[in-house]
>>> print(open('final-v8.txt').read())   # compact mmCIF, C-alpha atoms
# COMPACT_ATOMS: atom_id res chain seq x y z
CA MET A 1279 -31.36 -79.61 13.31
CA ILE A 1280 -31.02 -76.10 11.88
CA LYS A 1281 -29.88 -77.45 8.49
CA SER A 1282 -32.85 -79.92 8.34
CA ALA A 1283 -35.34 -77.21 9.12
CA LEU A 1284 -33.81 -75.01 6.46
CA ALA A 1285 -34.08 -77.84 3.92
CA ILE A 1286 -37.75 -78.48 4.75
CA PHE A 1287 -38.50 -74.76 4.52
CA THR A 1288 -36.79 -74.49 1.15
CA SER A 1289 -38.66 -77.51 -0.22
CA LEU A 1290 -42.00 -76.08 0.82
CA LEU A 1291 -41.03 -72.76 -0.75
CA PHE A 1292 -40.27 -74.32 -4.10
CA ILE A 1293 -43.43 -76.46 -4.01
CA HIS A 1294 -45.48 -73.36 -3.26
CA ALA A 1295 -43.82 -71.58 -6.16
CA GLY A 1296 -44.52 -74.50 -8.50
CA LEU A 1297 -40.92 -75.50 -9.07
CA ALA A 1298 -39.82 -78.96 -10.17
CA PRO A 1299 -38.82 -81.45 -7.44
CA ALA A 1300 -35.38 -81.80 -9.04
CA ALA A 1301 -34.76 -78.11 -8.68
CA ALA A 1302 -35.94 -78.21 -5.12
CA GLN A 1303 -33.59 -81.11 -4.40
CA THR A 1304 -30.67 -79.20 -5.91
CA VAL A 1305 -31.35 -76.25 -3.66
CA ASN A 1306 -31.64 -78.54 -0.64
CA ASN A 1307 -28.25 -80.12 -1.38
CA ALA A 1308 -26.66 -76.69 -1.76
CA ALA A 1309 -28.13 -75.61 1.51
CA LYS A 1310 -26.64 -78.65 3.24
CA LYS A 1311 -23.16 -78.01 1.85
CA ALA A 1312 -22.94 -74.18 2.16
CA PRO A 1313 -22.36 -72.79 5.63
CA ALA A 1314 -24.83 -70.22 6.84
CA LYS A 1315 -23.66 -66.66 6.12
CA LYS A 1316 -23.75 -64.05 8.82
CA VAL A 1317 -25.83 -61.10 7.70
CA VAL A 1318 -24.33 -57.75 8.71
CA ALA A 1319 -26.49 -54.71 8.35
CA LYS A 1320 -24.81 -51.76 6.65
CA ARG A 1321 -24.27 -48.78 8.87
CA PRO A 1322 -25.84 -45.67 7.40
CA ALA A 1323 -22.69 -43.63 7.92
CA GLN A 1324 -23.68 -40.96 5.45
CA ALA A 1325 -27.12 -40.67 6.95
CA VAL A 1326 -25.64 -40.21 10.42
CA SER A 1327 -23.33 -37.54 9.07
CA LYS A 1328 -26.17 -35.65 7.48
CA THR A 1329 -28.37 -35.97 10.53
CA VAL A 1330 -25.71 -34.60 12.87
CA ALA A 1331 -24.76 -31.86 10.47
CA LYS A 1332 -28.29 -30.68 9.97
CA GLY A 1333 -29.28 -30.92 13.59
CA SER A 1334 -26.45 -29.33 15.51
CA LEU A 1335 -23.79 -27.60 13.38
CA ASN A 1336 -23.51 -23.86 13.09
CA ASN A 1337 -21.60 -21.80 10.55
CA ARG A 1338 -18.45 -21.87 12.68
CA GLU A 1339 -18.31 -25.68 13.06
CA LYS A 1340 -17.60 -28.62 10.82
CA LEU A 1341 -18.13 -32.40 11.19
CA VAL A 1342 -15.10 -34.72 11.27
CA ARG A 1343 -15.60 -38.49 10.59
CA LYS A 1344 -13.48 -40.69 12.83
CA VAL A 1345 -13.00 -44.47 12.30
CA SER A 1346 -11.70 -46.65 15.16
CA VAL A 1347 -11.50 -50.36 16.07
CA VAL A 1348 -12.80 -51.39 19.49
CA LYS A 1349 -12.49 -55.10 20.53
CA GLY A 1350 -12.03 -56.09 16.93
CA LYS A 1351 -15.07 -54.17 15.74
CA ARG A 1352 -14.91 -51.19 13.41
CA GLN A 1353 -16.70 -48.16 14.77
CA VAL A 1354 -17.47 -44.87 13.05
CA SER A 1355 -18.08 -41.72 15.03
CA TYR A 1356 -18.53 -38.06 14.19
CA GLN A 1357 -17.07 -35.14 16.10
CA ARG A 1358 -17.86 -31.46 15.89
CA VAL A 1359 -14.82 -29.17 15.68
CA SER A 1360 -14.47 -25.43 15.28
CA ALA A 1361 -13.85 -24.44 11.71
CA ALA A 1362 -10.97 -22.07 10.91
CA PRO A 1363 -12.31 -18.51 10.74
CA SER A 1364 -12.73 -17.34 7.20
CA ILE A 1365 -10.60 -14.36 6.25
CA PRO A 1366 -12.60 -11.80 4.30
CA VAL A 1367 -11.15 -10.84 0.95
CA VAL A 1368 -10.38 -7.12 1.05
CA PRO A 1369 -10.33 -5.53 -2.40
CA PRO A 1370 -7.27 -3.42 -3.20
CA VAL A 1371 -7.59 0.29 -2.55
CA MET A 1372 -8.21 2.17 -5.77
CA THR A 1373 -6.24 5.39 -6.05
CA ALA A 1374 -7.49 8.40 -7.96
CA GLY A 1375 -5.11 7.47 -10.76
CA ASP A 1376 -6.46 3.94 -10.95
CA LEU A 1377 -10.02 5.23 -11.05
CA ALA A 1378 -9.02 7.47 -13.95
CA GLY A 1379 -7.52 4.50 -15.80
CA LEU A 1380 -3.95 5.79 -15.64
CA ASN A 1381 -2.69 2.37 -14.55
CA LEU A 1382 -3.36 1.15 -18.10
CA THR A 1383 -0.67 3.43 -19.53
CA PRO A 1384 2.44 1.43 -20.53
CA ASP A 1385 5.97 2.81 -20.38
CA PRO A 1386 9.40 1.57 -21.54
CA VAL A 1387 10.93 1.72 -18.06
CA GLY A 1388 8.39 -0.48 -16.30
CA LEU A 1389 7.54 2.10 -13.65
CA ARG A 1390 5.12 1.32 -10.86
CA SER A 1391 3.98 4.94 -10.81
CA ASN A 1392 0.92 5.96 -12.75
CA VAL A 1393 2.44 9.40 -13.33
CA ALA A 1394 6.04 10.38 -14.02
CA LEU A 1395 7.96 13.36 -15.32
CA VAL A 1396 11.73 13.76 -15.74
CA ILE A 1397 13.22 17.08 -16.86
CA ASP A 1398 16.77 18.19 -17.53
CA GLN A 1399 16.73 21.44 -15.58
CA ALA A 1400 19.71 22.92 -17.44
CA SER A 1401 17.83 22.90 -20.74
CA SER A 1402 14.21 22.42 -19.59
CA GLN A 1403 14.13 19.39 -21.89
CA VAL A 1404 11.57 16.73 -21.01
CA LEU A 1405 13.42 13.43 -20.89
CA PHE A 1406 10.47 11.27 -19.91
CA GLU A 1407 6.82 11.79 -19.19
CA LYS A 1408 3.80 9.66 -18.39
CA ASN A 1409 0.38 11.17 -17.69
CA SER A 1410 2.22 14.31 -16.57
CA SER A 1411 -0.65 16.74 -17.15
CA VAL A 1412 -3.25 14.91 -15.02
CA ALA A 1413 -4.06 16.53 -11.67
CA LEU A 1414 -4.02 13.97 -8.83
CA PRO A 1415 -3.88 14.01 -5.02
CA ILE A 1416 -0.30 14.72 -3.94
CA ALA A 1417 -0.38 13.86 -0.23
CA SER A 1418 2.60 15.24 1.75
CA VAL A 1419 4.29 16.66 -1.33
CA THR A 1420 1.97 19.51 -0.30
CA LYS A 1421 4.47 20.33 2.45
CA LEU A 1422 6.92 21.61 -0.14
CA MET A 1423 4.52 24.47 -0.86
CA THR A 1424 3.96 24.86 2.90
CA ALA A 1425 7.70 25.39 3.31
CA LEU A 1426 7.87 27.83 0.42
CA VAL A 1427 5.09 30.00 1.87
CA VAL A 1428 6.64 29.97 5.35
CA VAL A 1429 10.09 30.92 4.09
CA GLU A 1430 8.87 33.67 1.76
CA ALA A 1431 6.71 35.18 4.53
CA ARG A 1432 9.93 35.94 6.43
CA LEU A 1433 8.37 34.99 9.75
CA ASN A 1434 10.40 34.74 12.96
CA MET A 1435 11.90 31.25 12.70
CA GLU A 1436 12.83 31.23 16.40
CA GLU A 1437 9.27 31.84 17.55
CA THR A 1438 7.96 28.99 19.70
CA LEU A 1439 4.90 27.20 18.32
CA THR A 1440 2.67 24.90 20.38
CA VAL A 1441 0.89 21.81 19.10
CA THR A 1442 -2.80 22.06 19.93
CA ASP A 1443 -5.85 19.86 19.51
CA ASP A 1444 -6.48 21.65 16.21
CA ASP A 1445 -3.37 19.96 14.81
CA VAL A 1446 -4.64 16.42 15.48
CA ASP A 1447 -5.48 14.58 12.27
CA ARG A 1448 -9.17 13.70 12.36
CA GLU A 1449 -9.43 12.95 8.64
CA LYS A 1450 -6.94 10.12 8.15
CA HIS A 1451 -6.25 9.50 11.86
CA SER A 1452 -2.51 9.43 11.20
CA SER A 1453 -0.14 9.13 14.13
CA SER A 1454 2.32 11.77 15.30
CA ARG A 1455 5.22 11.86 17.72
CA LEU A 1456 4.35 15.41 18.71
CA ARG A 1457 1.87 15.33 21.55
CA VAL A 1458 -0.70 18.03 22.12
CA GLY A 1459 1.05 20.69 24.19
CA ALA A 1460 4.50 20.02 22.71
CA THR A 1461 6.47 23.14 21.81
CA LEU A 1462 9.11 23.71 19.13
CA SER A 1463 10.52 26.67 17.26
CA ARG A 1464 9.07 27.46 13.84
CA ASP A 1465 12.45 26.48 12.42
CA ASP A 1466 12.29 23.00 13.99
CA MET A 1467 8.69 22.57 12.90
CA LEU A 1468 9.70 23.34 9.33
CA HIS A 1469 12.67 20.98 9.55
CA ILE A 1470 10.74 17.88 10.61
CA ALA A 1471 7.77 18.71 8.38
CA LEU A 1472 10.04 18.67 5.32
CA MET A 1473 12.44 15.91 6.34
CA SER A 1474 10.13 13.47 8.12
CA SER A 1475 6.72 14.63 6.89
CA GLU A 1476 5.53 15.42 10.43
CA ASN A 1477 1.86 16.31 9.98
CA ARG A 1478 1.26 18.14 13.25
CA ALA A 1479 4.31 20.29 12.60
CA ALA A 1480 2.98 21.24 9.15
CA SER A 1481 -0.44 21.95 10.66
CA ALA A 1482 1.09 24.19 13.34
CA LEU A 1483 3.03 26.08 10.67
CA GLY A 1484 -0.15 26.86 8.76
CA ARG A 1485 -2.20 27.66 11.84
CA ASN A 1486 0.40 30.13 13.14
CA TYR A 1487 0.52 32.11 9.90
CA PRO A 1488 -0.80 35.69 10.10
CA GLY A 1489 -4.54 35.31 9.60
CA GLY A 1490 -4.52 31.65 10.57
CA LEU A 1491 -4.90 28.56 8.42
CA PRO A 1492 -7.43 30.05 5.95
CA ALA A 1493 -4.98 32.87 5.13
CA PHE A 1494 -2.16 30.34 4.84
CA VAL A 1495 -4.08 28.15 2.38
CA ALA A 1496 -4.95 31.26 0.37
CA ALA A 1497 -1.25 32.14 0.25
CA MET A 1498 -0.43 28.59 -0.94
CA ASN A 1499 -2.89 28.84 -3.83
CA ALA A 1500 -1.73 32.35 -4.69
CA LYS A 1501 1.87 31.16 -4.88
CA ALA A 1502 0.82 28.26 -7.09
CA ARG A 1503 -0.85 30.67 -9.52
CA SER A 1504 2.23 32.90 -9.57
CA LEU A 1505 4.36 29.88 -10.55
CA GLY A 1506 2.00 28.95 -13.38
CA MET A 1507 0.72 25.84 -11.56
CA THR A 1508 -2.66 25.89 -13.29
CA ASP A 1509 -3.66 22.34 -12.32
CA THR A 1510 -2.99 22.82 -8.60
CA ARG A 1511 -5.28 23.37 -5.63
CA TYR A 1512 -4.53 23.33 -1.89
CA VAL A 1513 -6.97 23.04 1.01
CA ASP A 1514 -4.59 22.40 3.93
CA SER A 1515 -0.92 22.65 4.88
CA THR A 1516 -0.33 18.93 5.48
CA GLY A 1517 -1.56 17.10 2.39
CA LEU A 1518 -3.76 14.78 4.41
CA SER A 1519 -6.77 15.86 2.37
CA SER A 1520 -7.15 14.24 -1.04
CA GLN A 1521 -8.38 17.62 -2.28
CA ASN A 1522 -4.77 18.82 -2.43
CA VAL A 1523 -4.13 18.11 -6.10
CA ALA A 1524 -1.53 18.94 -8.73
CA SER A 1525 -0.12 17.61 -11.97
CA ALA A 1526 3.44 16.39 -12.37
CA ARG A 1527 4.19 19.36 -14.62
CA ASP A 1528 3.04 21.74 -11.89
CA LEU A 1529 5.11 19.96 -9.25
CA ALA A 1530 8.23 20.24 -11.39
CA LYS A 1531 7.74 24.02 -11.29
CA LEU A 1532 7.35 23.88 -7.52
CA VAL A 1533 10.55 21.84 -7.11
CA VAL A 1534 12.54 24.39 -9.14
CA ALA A 1535 11.09 27.32 -7.16
CA ALA A 1536 11.74 25.68 -3.76
CA TYR A 1537 15.29 24.75 -4.80
CA ASN A 1538 16.18 28.44 -4.77
CA TYR A 1539 16.06 28.44 -0.95
CA PRO A 1540 19.03 26.81 0.84
CA ILE A 1541 16.98 26.19 3.98
CA ILE A 1542 14.47 24.08 2.04
CA ARG A 1543 17.26 22.20 0.28
CA GLN A 1544 18.99 21.40 3.56
CA TYR A 1545 15.95 20.53 5.63
CA SER A 1546 14.38 18.31 2.98
CA THR A 1547 17.56 16.29 2.41
CA ASP A 1548 18.85 15.82 5.98
CA PRO A 1549 18.82 12.08 6.75
CA LYS A 1550 18.06 12.68 10.44
CA TYR A 1551 17.54 15.49 12.91
CA MET A 1552 17.18 15.84 16.68
CA VAL A 1553 14.51 18.02 18.28
CA GLU A 1554 13.51 18.60 21.89
CA PRO A 1555 9.76 19.18 22.11
CA SER A 1556 9.07 20.51 25.61
CA GLY A 1557 12.61 19.60 26.62
CA HIS A 1558 12.53 15.90 25.64
CA ALA A 1559 15.10 14.82 23.02
CA MET A 1560 13.62 13.06 20.00
CA GLN A 1561 15.29 11.98 16.75
CA TYR A 1562 13.48 12.15 13.44
CA ASN A 1563 14.60 10.33 10.30
CA SER A 1564 14.05 11.18 6.66
CA SER A 1565 11.02 9.71 4.95
CA ASN A 1566 13.21 9.14 1.86
CA ARG A 1567 15.93 6.52 2.29
CA LEU A 1568 17.78 7.87 -0.76
CA THR A 1569 18.95 10.88 1.28
CA SER A 1570 21.42 8.59 3.10
CA ASN A 1571 22.43 6.70 -0.05
CA LYS A 1572 25.90 7.84 -1.18
CA GLU A 1573 25.15 6.82 -4.76
CA TRP A 1574 22.65 9.64 -5.02
CA ASP A 1575 23.31 13.38 -5.17
CA ILE A 1576 20.00 14.85 -4.03
CA GLY A 1577 19.56 18.59 -3.72
CA LEU A 1578 15.88 18.60 -2.70
CA GLN A 1579 13.21 15.97 -2.13
CA LYS A 1580 9.76 15.34 -0.70
CA THR A 1581 7.72 12.18 -0.33
CA GLY A 1582 4.03 11.66 0.33
CA PHE A 1583 1.36 9.03 0.82
CA ILE A 1584 -2.35 8.74 1.41
CA ASN A 1585 -4.59 6.01 -0.01
CA GLU A 1586 -6.07 8.26 -2.68
CA ALA A 1587 -2.64 9.45 -3.87
CA GLY A 1588 -0.55 6.31 -3.62
CA HIS A 1589 3.16 6.83 -2.95
CA CYS A 1590 4.61 10.06 -4.31
CA LEU A 1591 8.13 11.45 -4.70
CA VAL A 1592 9.62 14.66 -6.11
CA MET A 1593 13.38 15.25 -6.32
CA TYR A 1594 16.00 17.60 -7.61
CA THR A 1595 19.08 15.47 -8.22
CA ARG A 1596 22.16 15.19 -10.41
CA ILE A 1597 22.71 12.33 -12.85
CA GLU A 1598 25.93 12.20 -14.84
CA GLY A 1599 26.52 15.78 -13.72
CA ARG A 1600 23.22 17.01 -15.12
CA PRO A 1601 20.57 18.67 -12.87
CA ILE A 1602 17.48 16.49 -13.12
CA VAL A 1603 13.98 17.05 -11.76
CA MET A 1604 12.02 13.85 -11.09
CA VAL A 1605 8.34 13.57 -10.23
CA PHE A 1606 6.60 10.26 -9.49
CA LEU A 1607 2.95 10.14 -8.44
CA ASP A 1608 0.54 7.35 -7.56
CA SER A 1609 3.10 4.58 -7.17
CA LYS A 1610 2.10 1.15 -5.86
CA GLY A 1611 4.08 -0.32 -2.97
CA ARG A 1612 5.75 1.17 0.09
CA LEU A 1613 9.13 1.66 -1.63
CA SER A 1614 7.94 1.66 -5.22
CA HIS A 1615 8.47 5.40 -5.72
CA VAL A 1616 12.09 5.03 -4.57
CA GLY A 1617 12.46 2.02 -6.85
CA ASP A 1618 11.08 4.02 -9.76
CA ALA A 1619 13.73 6.69 -9.18
CA ALA A 1620 16.43 4.02 -9.39
CA ARG A 1621 14.84 2.49 -12.50
CA MET A 1622 14.65 5.89 -14.14
CA ARG A 1623 18.29 6.72 -13.40
CA LYS A 1624 19.38 3.37 -14.86
CA TRP A 1625 17.25 3.95 -17.95
CA LEU A 1626 18.73 7.41 -18.48
CA VAL A 1627 22.34 6.34 -17.98
CA GLU A 1628 22.47 2.83 -19.45
CA ASP A 1629 19.50 2.23 -21.71
CA GLN A 1630 18.99 5.70 -23.14
CA PRO A 1631 22.36 7.50 -22.81
CA ASN A 1632 21.43 9.90 -25.60
CA ASN A 1633 18.82 11.38 -23.28
CA LEU A 1634 21.66 12.91 -21.29
CA THR A 1635 24.35 13.40 -23.94
CA ARG A 1636 22.15 14.97 -26.60
CA VAL A 1637 21.68 18.12 -24.52
CA LYS A 1638 25.42 18.48 -24.08
CA MET A 1639 25.90 18.32 -27.85
CA VAL A 1640 23.24 20.92 -28.53
CA ARG A 1641 24.61 23.30 -25.94
CA ALA A 1642 28.14 22.82 -27.31
CA GLU A 1643 26.95 23.72 -30.82
CA GLU A 1644 25.15 26.79 -29.47
CA GLY A 1645 28.33 27.93 -27.72
>>> encode(input="final-v8.txt", output="structure tokens")
Amino acid sequence: MIKSALAIFTSLLFIHAGLAPAAAQTVNNAAKKAPAKKVVAKRPAQAVSKTVAKGSLNNREKLVRKVSVVKGKRQVSYQRVSAAPSIPVVPPVMTAGDLAGLNLTPDPVGLRSNVALVIDQASSQVLFEKNSSVALPIASVTKLMTALVVVEARLNMEETLTVTDDDVDREKHSSSRLRVGATLSRDDMLHIALMSSENRAASALGRNYPGGLPAFVAAMNAKARSLGMTDTRYVDSTGLSSQNVASARDLAKLVVAAYNYPIIRQYSTDPKYMVEPSGHAMQYNSSNRLTSNKEWDIGLQKTGFINEAGHCLVMYTRIEGRPIVMVFLDSKGRLSHVGDAARMRKWLVEDQPNNLTRVKMVRAEEG
């Protein structure tokens, strides 16, 4: 019945369109033979996706397309899920050296420090230098001058000093193991300030100077001038301010001057030390891991770090029996300044042996 009706309808259609009877008969025969096809409407999957996405998604959601088969029929559904939080890209911190373009200076050793200076102290010969005359922030290397001023003032080293609220770092918000109210002798304060770069100890040392911190900072700058440190300026006793600046050449002079005092040599190179602030035992460790490395003979050292300065290191050491002063400023990476010291020693001993032997030859000829 259905096929006959379809044939009649087709014939009428062709007659209405003006087609030949033969053509109409051909279509009728094809209609009789071909089974009726089931017409399946296409599902507007993409349209559904767009509609859902536009209507209900926020910037923390995404739409997931899910295909399933239920009772033999394919079904498509969309589900909202929370999108993974985007992690903001934080640009690297630019140090003062980077801003000055010092990071573009190449060197044969492959140092990660923007500034370096190596001097043979016995002859004052410069063995290596890189941007050594540029004044940069020096961070806690400042404490080497703090120690020099304290020692030369001949203050009572057994006097008890108290950490106060004035010693709390409100510029960099650095942490400290010395609580407000903790008490230590001036000697212990100096020890952990040099060895472990304890900021509150260095602040207490400056604050308890005759005339207070302003007089202490004035004494620091006066001492720098007396040593010929023309590129140097101090504004505090800790080095937390980026306004404490010096060149590598100036710091080499400071290292040599501080090396004359056994107390500074000992305190700066001790690998660890125990103090008892307010009666509670507390162990401090050196901020320079090379002080406990038996392969190094270090007579004096000081490290430092703030974002503007990068990682800094000054040392008085012996290499192949020669007294060597090393200065590394604005190094990238937590241990990069220590790594640069190792790279420099290798370069002096293995790659450039004449740097150490040439001085011996000259001095032998002079003798």
>>> closest_atom_pairs(input="final-v8.txt", of="stretch 1533-1581 of chain A", to="stretch 1598-1619 of chain A", cutoff="9 Å", atoms="all atoms listed in the file", output="CSV")
residue,atom,partner,partner_atom,distance
A:Val1533,CA,A:Val1603,CA,7.5
A:Val1534,CA,A:Val1603,CA,7.9
A:Asn1566,CA,A:Val1616,CA,7.7
A:Arg1567,CA,A:Val1616,CA,8.0
A:Leu1568,CA,A:Val1616,CA,7.4
A:Thr1581,CA,A:His1615,CA,8.7
>>> closest_residue(input="final-v8.txt", among="A:Gln1399, A:Thr1508, A:Thr1442, A:Ser1355", to="A:Asn1486", atoms="all atoms listed in the file")
A:Thr1442
>>> atom_distance(input="final-v8.txt", atom1="atom CA of A:Ala1394", atom2="atom CA of A:His1589")
12.0 Å
>>> atom_distance(input="final-v8.txt", atom1="atom CA of A:Ser1520", atom2="atom CA of A:Leu1456")
22.9 Å
>>> residues_near_point(input="final-v8.txt", point="(4.1, 10.9, -15.9)", cutoff="6 Å", atoms="only C-alpha atoms", output="list in words")
Val1393, Ala1394, Leu1395, Glu1407, Lys1408, Asn1409 and Ser1410 of chain A
>>> write_last_selection(input="final-v8.txt", atoms="C-alpha atoms", output="PDB file, in the frame of the given file")
ATOM      1  CA  VAL A1393       2.440   9.400 -13.330  1.00  0.00           C
ATOM      2  CA  ALA A1394       6.040  10.380 -14.020  1.00  0.00           C
ATOM      3  CA  LEU A1395       7.960  13.360 -15.320  1.00  0.00           C
ATOM      4  CA  GLU A1407       6.820  11.790 -19.190  1.00  0.00           C
ATOM      5  CA  LYS A1408       3.800   9.660 -18.390  1.00  0.00           C
ATOM      6  CA  ASN A1409       0.380  11.170 -17.690  1.00  0.00           C
ATOM      7  CA  SER A1410       2.220  14.310 -16.570  1.00  0.00           C
TER       8      SER A1410
END
>>> residues_around(input="final-v8.txt", residues="A:Leu1505", least_positions_apart="5", cutoff="9 Å", atoms="all atoms listed in the file", output="number ranges by chain")
A: 1500, 1528, 1531-1532, 1535
>>> residues_around(input="final-v8.txt", residues="A:Val1342", least_positions_apart="4", cutoff="7 Å", atoms="only C-alpha atoms", output="list in words")
Tyr1356, Gln1357 and Arg1358 of chain A
